[in-house]
$ cat run-v6.txt   # compact mmCIF, C-alpha atoms
# COMPACT_ATOMS: atom_id res chain seq x y z
CA MET A 241 -43.20 188.40 46.46
CA LYS A 242 -41.07 186.88 43.70
CA GLN A 243 -38.45 189.54 44.23
CA ALA A 244 -38.27 188.77 47.97
CA ALA A 245 -37.88 185.06 47.21
CA LYS A 246 -35.02 185.84 44.81
CA ARG A 247 -33.30 187.96 47.48
CA LEU A 248 -33.64 185.19 50.07
CA THR A 249 -32.41 182.56 47.59
CA GLY A 250 -29.52 184.82 46.54
CA PHE A 251 -28.58 185.25 50.21
CA PHE A 252 -29.20 181.74 51.58
CA VAL A 253 -27.66 179.64 48.76
CA PRO A 254 -24.15 181.11 49.22
CA VAL A 255 -24.49 180.94 53.04
CA ILE A 256 -25.61 177.30 52.95
CA LEU A 257 -22.88 176.46 50.44
CA MET A 258 -20.25 178.10 52.68
CA ALA A 259 -21.55 176.26 55.74
CA VAL A 260 -21.33 172.92 53.91
CA LEU A 261 -17.79 173.66 52.74
CA LEU A 262 -16.64 174.78 56.18
CA SER A 263 -18.17 171.78 57.91
CA ALA A 264 -16.26 169.51 55.50
CA CYS A 265 -12.91 171.05 56.54
CA GLU A 266 -10.92 169.25 59.16
CA ASN A 267 -8.12 170.70 61.24
CA ASP A 268 -6.54 167.41 62.26
CA LEU A 269 -2.97 168.40 63.14
CA LYS A 270 -1.74 164.84 62.63
CA LYS A 271 -2.99 164.81 59.02
CA VAL A 272 -1.48 168.21 58.35
CA ARG A 273 1.91 166.98 59.62
CA GLU A 274 1.68 163.82 57.48
CA ILE A 275 1.00 165.87 54.36
CA SER A 276 3.76 168.29 55.25
CA ALA A 277 6.25 165.44 55.79
CA LYS A 278 5.36 163.84 52.45
CA GLU A 279 5.91 167.10 50.63
CA PHE A 280 9.26 167.61 52.39
CA THR A 281 10.67 164.26 51.26
CA ASN A 282 9.66 164.66 47.64
CA PRO A 283 12.67 164.96 45.36
CA VAL A 284 13.73 168.43 44.37
CA ASP A 285 14.84 167.20 40.95
CA SER A 286 14.15 164.12 38.89
CA SER A 287 16.11 163.33 35.74
CA MET A 288 15.80 160.60 33.15
CA SER A 289 18.56 158.83 31.17
CA VAL A 290 21.37 160.18 33.34
CA GLU A 291 25.10 159.68 32.82
CA VAL A 292 27.56 160.96 35.45
CA THR A 293 31.33 160.90 34.97
CA TYR A 294 33.54 160.57 38.07
CA SER A 295 37.05 161.90 37.70
CA ASP A 296 40.12 162.38 39.85
CA SER A 297 42.92 164.78 38.86
CA ALA A 298 41.31 165.24 35.42
CA ARG A 299 41.29 161.46 34.85
CA VAL A 300 38.04 159.55 34.28
CA LYS A 301 37.60 156.96 37.04
CA ALA A 302 34.06 155.79 36.40
CA VAL A 303 30.87 156.47 34.48
CA LEU A 304 27.50 155.98 36.17
CA GLN A 305 24.36 155.44 34.07
CA THR A 306 20.77 155.27 35.32
CA PRO A 307 17.36 155.57 33.66
CA LEU A 308 15.96 157.65 36.57
CA LEU A 309 17.71 159.83 39.14
CA LEU A 310 15.80 161.40 42.04
CA ASP A 311 17.72 164.16 43.84
CA PHE A 312 16.75 164.88 47.47
CA LYS A 313 18.57 168.14 48.23
CA THR A 314 16.27 169.58 50.89
CA VAL A 315 16.66 166.86 53.54
CA ALA A 316 19.14 167.00 56.44
CA LYS A 317 21.46 164.50 54.70
CA PRO A 318 21.09 165.08 50.92
CA TYR A 319 21.07 161.97 48.74
CA ARG A 320 20.32 160.72 45.25
CA GLU A 321 18.18 157.68 44.57
CA MET A 322 18.19 155.51 41.44
CA PRO A 323 15.06 153.36 41.80
CA ARG A 324 15.21 151.85 38.30
CA GLY A 325 18.73 150.55 38.49
CA ILE A 326 22.27 151.60 37.77
CA LYS A 327 25.35 150.66 35.77
CA ILE A 328 28.82 151.85 36.79
CA THR A 329 31.80 151.31 34.49
CA PHE A 330 35.28 151.70 36.02
CA TYR A 331 38.29 152.69 33.90
CA ASP A 332 42.06 152.50 34.25
CA LYS A 333 44.49 155.31 33.34
CA THR A 334 44.29 154.41 29.63
CA LEU A 335 40.45 154.42 29.71
CA LYS A 336 40.33 150.64 29.41
CA ILE A 337 37.33 149.13 31.22
CA VAL A 338 38.50 147.34 34.36
CA SER A 339 35.11 146.43 35.84
CA THR A 340 31.37 147.03 35.66
CA VAL A 341 28.71 147.05 38.35
CA VAL A 342 24.97 146.71 37.77
CA SER A 343 22.05 146.63 40.21
CA GLU A 344 18.29 147.17 40.26
CA TYR A 345 18.45 149.96 42.86
CA ALA A 346 21.03 152.41 44.19
CA VAL A 347 21.30 155.37 46.54
CA THR A 348 24.23 157.73 46.97
CA SER A 349 25.02 160.03 49.86
CA GLU A 350 26.16 163.54 49.00
CA ASN A 351 28.19 164.00 52.18
CA ASP A 352 30.34 160.85 52.28
CA LYS A 353 30.38 159.95 48.55
CA ILE A 354 29.18 156.39 49.15
CA ILE A 355 26.94 154.55 46.68
CA THR A 356 24.87 151.68 48.09
CA LEU A 357 23.72 149.22 45.43
CA LYS A 358 20.90 146.79 46.17
CA LYS A 359 18.88 144.03 44.49
CA ASN A 360 20.71 141.66 42.14
CA VAL A 361 24.07 143.38 42.28
CA VAL A 362 26.59 141.97 39.80
CA VAL A 363 30.22 143.09 39.45
CA THR A 364 32.27 141.86 36.50
CA ASN A 365 36.02 142.50 36.38
CA ASN A 366 38.22 142.63 33.28
CA GLU A 367 39.32 139.03 33.91
CA GLY A 368 35.70 137.87 33.45
CA ASP A 369 35.06 137.03 37.12
CA THR A 370 31.60 137.92 38.46
CA PHE A 371 30.64 138.88 41.99
CA LYS A 372 26.96 138.58 42.97
CA SER A 373 25.27 139.89 46.11
CA SER A 374 22.05 141.47 47.33
CA GLU A 375 24.03 144.57 48.35
CA LEU A 376 27.38 146.18 47.56
CA ILE A 377 28.75 149.51 48.70
CA TRP A 378 31.17 151.64 46.67
CA ASP A 379 33.19 154.12 48.71
CA SER A 380 34.64 156.42 46.05
CA LEU A 381 36.86 158.28 48.56
CA LYS A 382 38.49 155.07 49.90
CA LYS A 383 38.36 153.45 46.42
CA LEU A 384 36.75 150.30 47.85
CA ILE A 385 33.82 148.05 47.01
CA TYR A 386 32.51 146.04 49.95
CA SER A 387 29.49 144.21 51.35
CA ASN A 388 28.32 142.89 54.69
CA GLN A 389 25.97 140.51 52.85
CA PRO A 390 26.84 137.09 51.41
CA VAL A 391 28.73 137.23 48.10
CA VAL A 392 29.15 134.54 45.44
CA ILE A 393 32.17 134.82 43.13
CA ASN A 394 32.19 132.92 39.85
CA LYS A 395 35.66 132.88 38.33
CA ILE A 396 36.22 132.37 34.64
CA ASP A 397 38.02 129.04 35.29
CA GLY A 398 34.89 127.57 36.93
CA THR A 399 35.87 128.26 40.54
CA VAL A 400 32.92 129.26 42.72
CA LEU A 401 33.59 131.02 46.04
CA ASN A 402 31.06 131.94 48.72
CA TYR A 403 31.84 134.55 51.38
CA SER A 404 29.79 135.90 54.26
CA ASN A 405 31.07 139.40 53.40
CA PHE A 406 33.33 141.00 50.81
CA LYS A 407 35.98 143.70 50.31
CA SER A 408 37.71 144.65 47.06
CA ASN A 409 39.54 147.38 45.19
CA GLU A 410 37.47 149.24 42.58
CA SER A 411 38.63 147.00 39.74
CA GLY A 412 37.55 143.82 41.59
CA THR A 413 40.95 142.20 41.10
CA ASP A 414 42.20 142.24 44.71
CA TYR A 415 39.43 140.92 46.95
CA SER A 416 38.87 139.08 50.20
CA GLY A 417 36.02 137.81 52.35
CA ASP A 418 35.28 135.92 55.54
CA ASN A 419 33.97 132.36 56.06
CA GLY A 420 34.90 131.32 52.53
CA THR A 421 33.62 128.09 51.04
CA GLY A 422 33.38 126.85 47.49
CA VAL A 423 34.77 124.76 44.68
CA ILE A 424 38.24 125.65 43.43
CA VAL A 425 39.25 124.48 39.98
CA THR A 426 42.94 123.64 39.63
CA LYS A 427 45.17 122.70 36.72
CA GLY A 428 47.32 119.64 37.01
CA ASN A 429 47.91 117.30 39.93
CA ILE A 430 47.80 119.11 43.29
CA THR A 431 49.17 116.12 45.26
CA GLN A 432 52.72 116.46 43.91
$ encode --input "run-v6.txt" --output "structure tokens"
Amino acid sequence: MKQAAKRLTGFFVPVILMAVLLSACENDLKKVREISAKEFTNPVDSSMSVEVTYSDSARVKAVLQTPLLLDFKTVAKPYREMPRGIKITFYDKTLKIVSTVVSEYAVTSENDKIITLKKNVVVTNNEGDTFKSSELIWDSLKKLIYSNQPVVINKIDGTVLNYSNFKSNESGTDYSGDNGTGVIVTKGNITQ
């Protein structure tokens, strides 16, 4: 009798366990697609303490530094994301620093070579002027920095300019914007 009970227990325990496991499974296609989509958008590579040098005709143009770089190579439009911020230093032909750009977040497109900087973006040129915005875009192919967001420019002489948008060369020395307002500091008597 004991032997028959052992056989039944040995047979029924695995069957009951399998039934419980199978009844817990769910074949919800929507959930499967959600999981699949999440896995697809995960970065292929993640790197810490990254420094990238941009050059043109064997001349250093800029150096990009970020504490974390996420590389999304498997999506239709590959991109790199820098969720912990970025610093870009631009150089002239003699490797003198002409401007720096910092922000709390950045993303760059592999196809069009555009870097979009967001959250507390600050550009400082070699003259000491600072440009502040919530978003700036660096087009490395066109050699432009621009924004469709409001920009505040603080010049070293105390002049403060506000623009509804912004466009500049990479060094931040030749810039323009629309709907400009501000306080302009002058030297001497401007009425003469």
$ atom_distance --input "run-v6.txt" --atom1 "CA of Asn360 in chain A" --atom2 "CA of Lys313 in chain A"
27.3 Å
$ atom_distance --input "run-v6.txt" --atom1 "CA of Asn365 in chain A" --atom2 "CA of Ser287 in chain A"
28.8 Å
$ residues_around --input "run-v6.txt" --residues "Gly368 in chain A" --least-positions-apart "3" --cutoff "10 Å" --atoms "only C-alpha atoms" --output "mmCIF file with C-alpha atoms, in the coordinates of the input"
data_model
loop_
_atom_site.group_PDB
_atom_site.id
_atom_site.type_symbol
_atom_site.label_atom_id
_atom_site.label_comp_id
_atom_site.auth_asym_id
_atom_site.auth_seq_id
_atom_site.Cartn_x
_atom_site.Cartn_y
_atom_site.Cartn_z
ATOM 1 C CA VAL A 338 38.500 147.340 34.360
ATOM 2 C CA SER A 339 35.110 146.430 35.840
ATOM 3 C CA VAL A 363 30.220 143.090 39.450
ATOM 4 C CA THR A 364 32.270 141.860 36.500
ATOM 5 C CA ASN A 365 36.020 142.500 36.380
ATOM 6 C CA PHE A 371 30.640 138.880 41.990
ATOM 7 C CA ASN A 394 32.190 132.920 39.850
ATOM 8 C CA LYS A 395 35.660 132.880 38.330
ATOM 9 C CA ILE A 396 36.220 132.370 34.640
ATOM 10 C CA ASP A 397 38.020 129.040 35.290
#
$ atom_distance --input "run-v6.txt" --atom1 "CA of Lys301 in chain A" --atom2 "CA of Pro318 in chain A"
23.0 Å
$ closest_residue --input "run-v6.txt" --among "A:Thr356, A:Ser408, A:Thr399, A:Thr293" --to "Thr426 in chain A" --atoms "all atoms listed in the file"
A:Thr399
